[in-house]
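Novice: Sharing run-v2.cif (mmCIF, C-alpha atoms and all ligand atoms) below.
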```
data_run
loop_
_atom_site.label_atom_id
_atom_site.label_comp_id
_atom_site.auth_asym_id
_atom_site.auth_seq_id
_atom_site.Cartn_x
_atom_site.Cartn_y
_atom_site.Cartn_z
CA MET A 1 -13.16 -30.31 3.19
CA THR A 2 -16.82 -30.71 3.97
CA ASP A 3 -19.19 -32.39 1.54
CA GLY A 4 -19.54 -30.70 -1.76
CA SER A 5 -17.37 -27.75 -0.86
CA LYS A 6 -14.53 -28.88 -3.06
CA ASP A 7 -16.35 -28.35 -6.33
CA LYS A 8 -17.48 -24.93 -5.13
CA ALA A 9 -13.99 -23.80 -4.15
CA ALA A 10 -12.71 -20.90 -6.22
CA ALA A 11 -9.02 -21.70 -6.40
CA THR A 12 -6.10 -19.90 -7.99
CA PRO A 13 -4.49 -21.38 -11.14
CA THR A 14 -2.26 -23.54 -8.92
CA GLY A 15 -5.24 -24.84 -6.95
CA ASP A 16 -4.43 -22.85 -3.82
CA PRO A 17 -6.91 -20.60 -2.06
CA TRP A 18 -6.81 -16.85 -2.73
CA LEU A 19 -4.92 -15.12 0.05
CA LEU A 20 -6.83 -12.08 1.30
CA THR A 21 -3.98 -11.46 3.72
CA PRO A 22 -1.23 -8.86 4.07
CA GLY A 23 1.56 -11.15 2.90
CA PRO A 24 2.65 -13.70 2.08
CA LEU A 25 0.05 -13.17 -0.61
CA THR A 26 -1.16 -14.64 -3.86
CA THR A 27 1.57 -14.38 -6.49
CA SER A 28 1.17 -14.72 -10.24
CA PRO A 29 1.89 -17.97 -12.10
CA ALA A 30 4.90 -16.32 -13.81
CA VAL A 31 6.40 -15.28 -10.46
CA LYS A 32 6.15 -18.85 -9.16
CA GLN A 33 7.48 -20.19 -12.46
CA ALA A 34 10.59 -18.00 -12.17
CA MET A 35 11.71 -20.06 -9.16
CA LEU A 36 12.21 -23.26 -11.17
CA HIS A 37 15.91 -22.64 -11.72
CA ASP A 38 19.15 -23.01 -9.81
CA PHE A 39 21.87 -20.37 -10.00
CA GLY A 40 25.23 -20.15 -8.34
CA SER A 41 25.51 -16.93 -6.38
CA ARG A 42 28.49 -15.88 -8.54
CA ASP A 43 26.68 -16.57 -11.78
CA GLY A 44 26.82 -13.57 -14.12
CA HIS A 45 23.11 -13.81 -14.90
CA PHE A 46 22.28 -13.76 -11.21
CA ILE A 47 24.56 -10.77 -10.57
CA ASP A 48 22.75 -8.92 -13.39
CA ILE A 49 19.40 -9.66 -11.77
CA ASN A 50 20.65 -8.19 -8.48
CA ARG A 51 21.95 -5.04 -10.08
CA ARG A 52 18.70 -4.54 -11.98
CA MET A 53 16.61 -5.23 -8.86
CA ARG A 54 18.52 -2.68 -6.79
CA GLU A 55 18.20 0.00 -9.46
CA ARG A 56 14.51 -0.61 -9.97
CA LEU A 57 13.79 -0.41 -6.24
CA VAL A 58 15.62 2.91 -5.92
CA ALA A 59 13.65 4.22 -8.91
CA ILE A 60 10.35 3.52 -7.09
CA VAL A 61 11.15 6.26 -4.55
CA GLY A 62 12.46 8.56 -7.26
CA GLY A 63 15.93 8.40 -5.73
CA ALA A 64 18.41 8.81 -8.53
CA ALA A 65 21.26 6.31 -8.43
CA GLY A 66 24.70 7.14 -9.71
CA ALA A 67 26.87 10.13 -10.22
CA ALA A 68 24.26 12.32 -11.93
CA ALA A 69 22.42 12.98 -8.68
CA GLY A 70 23.65 15.54 -6.22
CA ASP A 71 25.46 13.60 -3.53
CA ASP A 72 22.88 14.22 -0.83
CA GLU A 73 20.00 13.19 -3.12
CA GLU A 74 21.49 9.87 -4.06
CA PHE A 75 19.83 6.74 -2.67
CA VAL A 76 21.07 3.18 -2.67
CA CYS A 77 19.25 -0.12 -2.19
CA VAL A 78 20.63 -2.70 0.22
CA PRO A 79 18.82 -6.05 0.04
CA LEU A 80 18.90 -8.41 3.00
CA GLN A 81 17.97 -12.05 3.57
CA GLY A 82 15.03 -12.75 5.87
CA SER A 83 11.52 -11.47 6.50
CA GLY A 84 10.58 -7.81 6.77
CA THR A 85 11.41 -7.60 10.47
CA PHE A 86 15.04 -8.48 9.73
CA VAL A 87 15.48 -5.44 7.53
CA VAL A 88 13.66 -3.15 9.97
CA GLU A 89 16.05 -4.36 12.66
CA ALA A 90 19.00 -3.85 10.30
CA MET A 91 17.82 -0.32 9.41
CA LEU A 92 17.45 0.76 13.05
CA GLY A 93 20.57 -1.08 14.16
CA THR A 94 22.72 0.41 11.41
CA LEU A 95 21.45 3.97 11.05
CA VAL A 96 21.03 4.96 14.69
CA PRO A 97 24.48 5.59 16.19
CA ALA A 98 25.50 4.73 19.75
CA ASP A 99 25.19 8.36 20.83
CA GLY A 100 21.85 8.84 19.02
CA LYS A 101 18.32 8.49 20.33
CA LEU A 102 15.31 7.22 18.42
CA LEU A 103 11.69 8.37 18.83
CA ILE A 104 9.30 5.66 17.62
CA LEU A 105 5.79 6.66 16.48
CA VAL A 106 3.48 3.86 17.58
CA ASN A 107 -0.15 3.19 16.67
CA GLY A 108 -0.09 -0.55 16.27
CA ALA A 109 1.88 -3.77 16.50
CA TYR A 110 4.59 -2.85 13.99
CA GLY A 111 5.49 0.35 15.83
CA GLN A 112 5.55 -1.74 19.02
CA ARG A 113 7.84 -4.19 17.27
CA MET A 114 10.35 -1.43 16.53
CA ALA A 115 10.34 -0.56 20.24
CA LYS A 116 10.98 -4.22 21.05
CA ILE A 117 13.83 -4.31 18.54
CA CYS A 118 15.47 -1.32 20.25
CA ARG A 119 14.93 -2.78 23.70
CA THR A 120 16.55 -6.04 22.53
CA MET A 121 19.50 -4.21 20.97
CA GLY A 122 19.91 -2.01 24.04
CA TYR A 123 19.48 1.19 21.98
CA ALA A 124 18.21 4.43 23.53
CA PHE A 125 14.64 5.19 22.42
CA GLU A 126 11.38 6.88 23.33
CA VAL A 127 7.87 6.16 22.14
CA GLN A 128 5.00 8.42 21.11
CA GLU A 129 2.03 6.11 21.41
CA GLN A 130 -1.54 6.50 20.24
CA PRO A 131 -4.60 4.27 19.89
CA GLU A 132 -4.67 1.90 16.93
CA ASP A 133 -7.58 3.64 15.25
CA GLN A 134 -5.92 7.06 15.21
CA PRO A 135 -3.22 8.31 12.84
CA THR A 136 0.08 9.68 14.11
CA ASP A 137 -0.51 12.99 15.91
CA VAL A 138 1.78 15.40 14.08
CA ASN A 139 1.17 18.24 16.55
CA ALA A 140 2.22 16.03 19.43
CA LEU A 141 5.34 15.11 17.45
CA GLU A 142 6.09 18.78 16.89
CA ARG A 143 5.81 19.48 20.63
CA ARG A 144 7.88 16.46 21.53
CA LEU A 145 10.74 17.35 19.20
CA SER A 146 10.63 21.00 20.33
CA GLU A 147 11.02 19.96 23.96
CA SER A 148 13.54 17.19 23.41
CA GLN A 149 17.25 17.83 23.78
CA ASP A 150 18.52 14.53 22.51
CA ILE A 151 16.28 12.86 19.89
CA THR A 152 18.26 12.40 16.67
CA HIS A 153 16.12 9.94 14.70
CA VAL A 154 12.39 9.29 14.28
CA ALA A 155 10.89 5.97 13.14
CA ALA A 156 7.46 5.88 11.50
CA VAL A 157 5.19 3.18 10.05
CA HIS A 158 3.68 4.14 6.69
CA CYS A 159 0.60 1.90 6.67
CA GLU A 160 0.11 0.27 10.09
CA THR A 161 -0.98 -3.18 9.00
CA THR A 162 -2.44 -3.88 12.46
CA SER A 163 -5.49 -1.76 11.62
CA GLY A 164 -4.86 -0.81 7.97
CA ILE A 165 -4.50 2.88 8.88
CA LEU A 166 -2.55 5.31 6.69
CA ASN A 167 -0.20 7.53 8.68
CA PRO A 168 0.46 11.14 7.55
CA LEU A 169 4.00 10.54 6.39
CA GLU A 170 4.47 13.80 4.49
CA ARG A 171 3.60 15.92 7.50
CA VAL A 172 5.66 13.72 9.80
CA ALA A 173 8.63 14.18 7.45
CA GLU A 174 8.26 17.96 7.44
CA VAL A 175 8.27 18.14 11.24
CA VAL A 176 11.19 15.73 11.53
CA GLN A 177 13.20 17.70 8.99
CA SER A 178 12.40 21.05 10.63
CA HIS A 179 13.99 19.74 13.83
CA GLY A 180 17.06 18.48 12.01
CA CYS A 181 16.30 14.84 12.79
CA SER A 182 16.59 11.82 10.52
CA LEU A 183 13.45 9.89 9.46
CA LEU A 184 13.46 6.08 9.16
CA ILE A 185 10.33 4.51 7.65
CA ASP A 186 8.79 1.06 7.87
CA SER A 187 6.82 1.05 4.62
CA MET A 188 6.55 -2.72 4.51
CA SER A 189 2.86 -2.97 3.66
CA ALA A 190 2.65 0.19 1.52
CA PHE A 191 5.79 0.19 -0.62
CA GLY A 192 4.95 -0.09 -4.30
CA ALA A 193 1.24 0.71 -3.87
CA LEU A 194 1.21 4.05 -2.03
CA PRO A 195 3.43 6.87 -3.29
CA LEU A 196 6.65 7.59 -1.43
CA ASP A 197 8.80 10.05 -3.34
CA SER A 198 12.15 10.94 -1.81
CA ARG A 199 11.96 14.34 -3.51
CA LYS A 200 8.72 15.17 -1.68
CA VAL A 201 9.12 13.31 1.60
CA ARG A 202 12.48 13.80 3.28
CA PHE A 203 13.72 10.53 4.77
CA ASP A 204 17.07 8.83 5.28
CA ALA A 205 15.92 5.23 4.95
CA VAL A 206 12.88 3.14 4.17
CA ALA A 207 12.47 -0.60 4.71
CA ALA A 208 10.18 -2.96 2.79
CA SER A 209 10.10 -6.58 1.62
CA SER A 210 9.60 -8.81 -1.40
CA ASN A 211 6.29 -10.32 -0.40
CA LYS A 212 3.84 -7.48 0.04
CA CYS A 213 2.69 -4.91 -2.54
CA LEU A 214 5.50 -5.80 -4.94
CA GLN A 215 3.97 -9.30 -5.10
CA GLY A 216 7.08 -11.44 -4.84
CA VAL A 217 7.53 -14.47 -2.62
CA PRO A 218 8.83 -14.11 0.97
CA GLY A 219 12.51 -14.37 1.84
CA MET A 220 14.14 -10.98 1.45
CA GLY A 221 13.75 -7.40 2.55
CA PHE A 222 15.50 -4.27 1.38
CA CYS A 223 16.42 -0.88 2.74
CA ILE A 224 16.63 2.15 0.48
CA ALA A 225 18.93 4.61 2.16
CA ARG A 226 20.33 8.04 1.49
CA LYS A 227 23.92 7.37 0.50
CA THR A 228 25.38 10.06 2.76
CA ALA A 229 23.45 8.71 5.78
CA LEU A 230 24.50 5.13 5.07
CA SER A 231 28.15 6.09 4.55
CA ALA A 232 28.11 7.91 7.89
CA ALA A 233 26.73 4.81 9.61
CA ALA A 234 29.81 2.59 9.19
CA GLY A 235 30.60 0.82 12.45
CA ASN A 236 27.22 1.49 14.08
CA ALA A 237 25.63 -1.92 13.64
CA HIS A 238 24.95 -4.10 16.64
CA SER A 239 25.07 -7.25 14.52
CA LEU A 240 27.27 -8.76 11.84
CA SER A 241 24.59 -10.26 9.61
CA LEU A 242 22.28 -7.23 9.97
CA ASP A 243 24.95 -4.62 9.17
CA LEU A 244 23.60 -2.72 6.18
CA VAL A 245 26.85 -0.84 5.56
CA GLU A 246 28.82 -4.06 5.18
CA GLN A 247 26.10 -5.61 3.06
CA TRP A 248 26.09 -2.52 0.84
CA GLN A 249 29.86 -2.40 0.48
CA ALA A 250 30.01 -6.06 -0.47
CA MET A 251 27.36 -5.54 -3.14
CA GLU A 252 29.05 -2.47 -4.51
CA GLY A 253 32.34 -4.33 -4.57
CA ASN A 254 31.55 -7.46 -6.55
CA GLY A 255 27.78 -7.43 -7.04
CA GLN A 256 27.38 -10.33 -4.63
CA TRP A 257 25.56 -10.82 -1.39
CA ARG A 258 27.78 -11.27 1.66
CA PHE A 259 26.16 -14.54 2.72
CA THR A 260 24.09 -17.13 0.82
CA PRO A 261 21.41 -15.23 -1.14
CA PRO A 262 17.87 -16.60 -1.52
CA VAL A 263 18.42 -17.05 -5.25
CA GLN A 264 14.98 -18.36 -6.21
CA VAL A 265 13.30 -15.61 -4.18
CA ILE A 266 15.36 -13.03 -6.05
CA ALA A 267 14.59 -14.58 -9.45
CA ALA A 268 10.89 -14.47 -8.57
CA PHE A 269 11.22 -10.89 -7.36
CA ASP A 270 12.80 -9.88 -10.67
CA LYS A 271 9.73 -11.26 -12.46
CA ALA A 272 7.43 -9.56 -9.94
CA LEU A 273 9.15 -6.24 -10.67
CA ASP A 274 8.56 -6.79 -14.41
CA GLU A 275 4.87 -7.24 -13.67
CA PHE A 276 4.86 -4.22 -11.38
CA GLU A 277 6.31 -2.02 -14.11
CA ALA A 278 3.94 -3.47 -16.74
CA GLU A 279 1.01 -2.56 -14.48
CA GLY A 280 2.13 1.06 -14.40
CA GLY A 281 4.25 1.10 -11.25
CA VAL A 282 2.92 2.66 -8.06
CA ALA A 283 0.06 4.44 -9.87
CA GLY A 284 -1.21 1.30 -11.60
CA ARG A 285 -0.81 -1.01 -8.66
CA GLY A 286 -2.28 1.50 -6.24
CA ALA A 287 -5.31 1.97 -8.51
CA ARG A 288 -6.05 -1.76 -8.60
CA TYR A 289 -5.74 -2.06 -4.84
CA ARG A 290 -7.98 0.98 -4.30
CA GLU A 291 -10.62 -0.64 -6.48
CA ASN A 292 -10.26 -3.95 -4.60
CA CYS A 293 -10.63 -2.05 -1.34
CA ARG A 294 -13.66 -0.07 -2.50
CA ILE A 295 -15.48 -3.23 -3.64
CA LEU A 296 -14.63 -4.98 -0.38
CA VAL A 297 -15.69 -2.15 1.94
CA GLU A 298 -18.92 -1.39 0.04
CA GLY A 299 -19.77 -5.07 -0.15
CA MET A 300 -19.11 -5.77 3.52
CA ARG A 301 -21.10 -2.68 4.58
CA ALA A 302 -23.97 -3.86 2.38
CA LEU A 303 -23.83 -7.14 4.32
CA GLY A 304 -24.12 -5.14 7.57
CA PHE A 305 -20.48 -5.13 8.74
CA GLU A 306 -18.75 -2.10 10.24
CA THR A 307 -15.20 -1.05 9.43
CA LEU A 308 -12.90 0.00 12.24
CA LEU A 309 -11.72 3.06 10.34
CA PRO A 310 -13.51 5.88 8.55
CA ASP A 311 -12.73 5.93 4.82
CA HIS A 312 -10.33 8.88 4.98
CA LEU A 313 -7.96 6.98 7.31
CA GLN A 314 -8.16 3.67 5.45
CA ALA A 315 -5.19 2.61 3.32
CA PRO A 316 -6.16 0.34 0.38
CA ILE A 317 -4.06 -2.53 1.75
CA ILE A 318 -5.99 -4.36 4.45
CA VAL A 319 -9.35 -3.57 6.06
CA THR A 320 -10.31 -4.23 9.68
CA PHE A 321 -13.94 -5.22 10.28
CA LYS A 322 -15.50 -5.30 13.72
CA THR A 323 -16.69 -8.66 14.93
CA PRO A 324 -20.51 -8.86 14.92
CA VAL A 325 -22.13 -9.10 18.36
CA ASP A 326 -24.37 -11.94 17.17
CA PRO A 327 -23.14 -14.98 19.17
CA ARG A 328 -23.61 -17.17 16.10
CA PHE A 329 -20.63 -15.40 14.56
CA GLN A 330 -17.56 -17.39 15.52
CA PHE A 331 -14.40 -16.34 13.76
CA GLU A 332 -12.86 -19.83 13.64
CA VAL A 333 -15.93 -21.29 11.92
CA PHE A 334 -16.17 -18.33 9.56
CA TYR A 335 -12.48 -18.59 8.69
CA ASP A 336 -12.55 -22.36 8.10
CA ARG A 337 -15.61 -22.21 5.87
CA LEU A 338 -14.16 -19.41 3.76
CA ARG A 339 -10.91 -21.34 3.51
CA GLU A 340 -12.75 -24.42 2.28
CA ARG A 341 -14.27 -22.34 -0.48
CA GLY A 342 -11.02 -20.83 -1.59
CA TYR A 343 -10.50 -17.61 0.40
CA VAL A 344 -8.12 -17.08 3.29
CA ILE A 345 -8.78 -14.09 5.55
CA TYR A 346 -6.82 -12.83 8.53
CA PRO A 347 -7.55 -12.63 12.25
CA GLY A 348 -7.59 -9.27 14.02
CA LYS A 349 -4.58 -7.96 15.90
CA LEU A 350 -6.23 -5.04 17.66
CA THR A 351 -6.33 -4.29 21.32
CA VAL A 352 -9.12 -1.67 20.96
CA ALA A 353 -11.85 -3.90 19.48
CA ASP A 354 -12.74 -7.48 18.53
CA SER A 355 -12.08 -7.67 14.83
CA PHE A 356 -10.91 -9.56 11.78
CA ARG A 357 -9.09 -8.38 8.66
CA ILE A 358 -9.40 -8.85 4.91
CA GLY A 359 -6.58 -7.87 2.59
CA CYS A 360 -6.85 -6.19 -0.82
CA ILE A 361 -3.32 -6.89 -2.08
CA GLY A 362 -1.70 -9.59 -4.18
CA ASP A 363 -2.33 -10.93 -7.67
CA LEU A 364 -6.09 -10.50 -7.48
CA GLY A 365 -8.67 -8.05 -8.73
CA PRO A 366 -12.35 -7.06 -8.71
CA GLU A 367 -13.49 -10.48 -9.86
CA GLN A 368 -11.92 -12.18 -6.84
CA MET A 369 -13.16 -9.50 -4.43
CA ARG A 370 -16.75 -9.90 -5.68
CA ALA A 371 -16.51 -13.68 -5.58
CA ALA A 372 -15.14 -13.52 -2.02
CA LEU A 373 -18.08 -11.32 -0.97
CA ALA A 374 -20.55 -13.81 -2.44
CA VAL A 375 -18.89 -16.63 -0.47
CA ILE A 376 -18.91 -14.51 2.72
CA GLU A 377 -22.63 -13.89 2.28
CA ALA A 378 -23.33 -17.58 1.74
CA VAL A 379 -21.26 -18.63 4.77
CA LEU A 380 -22.96 -16.07 7.04
CA GLY A 381 -26.30 -17.45 5.86
CA GLU A 382 -25.26 -20.99 6.78
CA MET A 383 -24.01 -19.84 10.16
CA GLY A 384 -27.29 -18.00 10.77
CA VAL A 385 -25.56 -14.68 11.46
CA SER A 386 -28.30 -12.26 10.56
CA ASP A 387 -27.11 -9.29 12.63
CA ARG A 388 -23.61 -8.24 11.53
CA SER A 389 -23.46 -5.01 13.51
CA ALA A 390 -20.76 -4.62 16.12
CA ALA A 391 -21.16 -3.88 19.81
CA ALA A 392 -21.67 -0.20 20.55
CA ALA A 393 -18.31 1.32 21.41
C1 LIG B 401 4.65 -7.28 7.30
C2 LIG B 401 5.15 -6.11 8.05
C3 LIG B 401 6.43 -6.11 8.66
C4 LIG B 401 7.37 -7.30 8.61
O1 LIG B 401 6.81 -8.47 9.03
P1 LIG B 401 7.56 -9.86 8.74
O2 LIG B 401 6.57 -10.85 9.28
O3 LIG B 401 8.82 -9.87 9.46
O4 LIG B 401 7.74 -9.96 7.26
C5 LIG B 401 6.87 -4.96 9.26
N1 LIG B 401 6.10 -3.86 9.29
C6 LIG B 401 4.88 -3.81 8.74
C7 LIG B 401 4.09 -2.54 8.80
C8 LIG B 401 4.35 -4.93 8.10
O5 LIG B 401 3.13 -4.89 7.52
#
```
In structure tokens, what does this structure look like?
Ligand SMILES: *Cc1c(COP(=O)(O)O)cnc(C)c1O
Specialist:
Amino acid sequence: MTDGSKDKAAATPTGDPWLLTPGPLTTSPAVKQAMLHDFGSRDGHFIDINRRMRERLVAIVGGAAGAAAGDDEEFVCVPLQGSGTFVVEAMLGTLVPADGKLLILVNGAYGQRMAKICRTMGYAFEVQEQPEDQPTDVNALERRLSESQDITHVAAVHCETTSGILNPLERVAEVVQSHGCSLLIDSMSAFGALPLDSRKVRFDAVAASSNKCLQGVPGMGFCIARKTALSAAAGNAHSLSLDLVEQWQAMEGNGQWRFTPPVQVIAAFDKALDEFEAEGGVAGRGARYRENCRILVEGMRALGFETLLPDHLQAPIIVTFKTPVDPRFQFEVFYDRLRERGYVIYPGKLTVADSFRIGCIGDLGPEQMRAALAVIEAVLGEMGVSDRSAAAA
């Protein structure tokens, strides 16, 4: 802390800075409070929480659970310990069979990570790669699948958190379906805020986690899978602990996780799902994030910053701003001074341009976005950064 900054800091109710990051993110007091209990993993109350959590997550994609749904339209939720990457690895490792081949749609670090997962597992895969500031090229995908003899599965990233870009998932799903392939989605940073309806977008599995738009704490991911696809995947998995079929069967059997569950994380997630539903589900949460994003982008442009993406490609999750050319702008100094005053931003992860990122998600709203902008303006003034424009491309 520098002199006098402490009394100016705009902290959350627990005295922590606001996290303008893509997760972990700022959670509500009630979500944190829900962790102040111990449960045995066989406790009836805890088993009820798990059942309710799995049903509520399936409901978010409109995938009916239970016998009422036609067999092929039934989806199930398989939760898994770990961060989001664990469940992406489990999804690819379980659903792609040994004689299958995966095409990975890449326009950022999370698509690249799926390629690395497949390389590590020794799975057959190809990549369709594009620059980070461009959405998935659906025509190129169409050509690729028309020419390919052996691609069976396609993996797509819903919102590529690297840039904040929204990929055209509906059109990707149509092309994938028309070629008889199976679509696997990493919707980590979009799930719960951007619509994904299994009745409109044909997919076999989607992976997401507790600590992004659903506003829980980190520690678990989940995969929502078409029941027929998951049943057919028995024996595929490359790993014991990341085998989604075994995890699913254990949960269906006795309602318990196979291995030690992160009980406090799950209790907090149950509370976070209550808050999600009270806010109006995907529509309500998405609306708040869109408003956060609008205030942020307008405010930063008014200060002279440039966004990486045009508005029509921008998802309301995290925004990439180009680094100003002014040599007085140093990201480390900027970051530290914002942190001292109660706001944590995020470094850039792009290869195409020097940049930094500011998130719009978590338990925060217009008031925090406006306050963050005021602090950004003050810090830029102190740093003497008068020209916030970026280098010409
Ligand atoms: C956050 C994120 C992940 C998972 O990252 P972890 O650090 O393992 O939680 C995967 N894909 C996308 C698009 C993400 O935003």
Novice: Rounded to one decimal in Å, what is the spacing between CA of Leu169 (chain A) and CA of Ala272 (chain A)?
Specialist: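 About the pair CA of Leu169 (chain A) and CA of Ala272 (chain A): they are 26.1 Å apart.
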Novice: What is the CA of Thr85 (chain A)-atom O4 of ligand LIG 401 (chain B) distance in Å, reported with one decimal?
Specialist: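 These atoms are spaced 5.4 Å apart.
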Novice: Dump the neighbourhood of ligand LIG 401 (chain B) as a count of residues only: all residues within 8 Å, distances computed on only C-alpha atoms and all ligand atoms.
Specialist: 26
Novice: Please provide the set of residues having any atom within 12 Å of Asn139 (chain A), restricted to only C-alpha atoms, with same-chain residues fewer than 2 positions apart removed, written as an MDAnalysis selection string.
Specialist: chainID A and resid 128 135:137 141:146 168 171:172 174:176
Novice: Could you work out how far CA of Lys349 (chain A) lies from CA of Pro366 (chain A), giving the answer in Å with one decimal?
Specialist: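 Computing the Euclidean distance for CA of Pro366 (chain A) and CA of Lys349 (chain A) yields 25.8 Å.
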Novice: My list of candidates is A:Lys322, A:Ala287, A:Gly40, A:Glu74. Which is closest to Arg301 (chain A) when distances are computed with all atoms listed in the file?
Specialist: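 Once distances to Arg301 (chain A) are computed over all atoms listed in the file, the minimum belongs to A:Lys322.
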Novice: Which residue out of A:Ser231, A:Ser210, A:Gln368, A:Gln249 has the minimum interatomic distance to Val344 (chain A) when all atoms listed in the file are used?
Specialist: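 Nearest candidate to Val344 (chain A) out of A:Ser231, A:Ser210, A:Gln368, A:Gln249: A:Gln368.
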Novice: When distances are computed from all atoms listed in the file, which of A:Ala90, A:Ala390, A:Leu183, A:Leu350 shows the smallest separation from Ala109 (chain A)?
Specialist: A:Leu350
Novice: Between A:Gln81, A:Gln264, A:Gln149, A:Thr14, which is the closest to Asp38 (chain A) once you count all atoms listed in the file?
Specialist: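 Of A:Gln81, A:Gln264, A:Gln149, A:Thr14, the one nearest Asp38 (chain A) is A:Gln264, counting all atoms listed in the file.
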Novice: As number ranges by chain, please: the residues near Phe203 (chain A) (cut-off 9 Å, only C-alpha atoms, same-chain neighbours under 4 positions excluded).
Specialist: A: 173, 176-177, 182-185, 198, 225-226
Novice: Could you tell me, as a count of residues only, which residues have any atom at most 12 Å from (-5.7, -22.0, -11.5), counting all atoms listed in the file?
Specialist: 15
Novice: For Val154 (chain A), work out the shell of residues within 6 Å, counting all atoms listed in the file and skipping chain neighbours fewer than 4 positions away, then give it as number ranges by chain.
Specialist: A: 102-104, 183
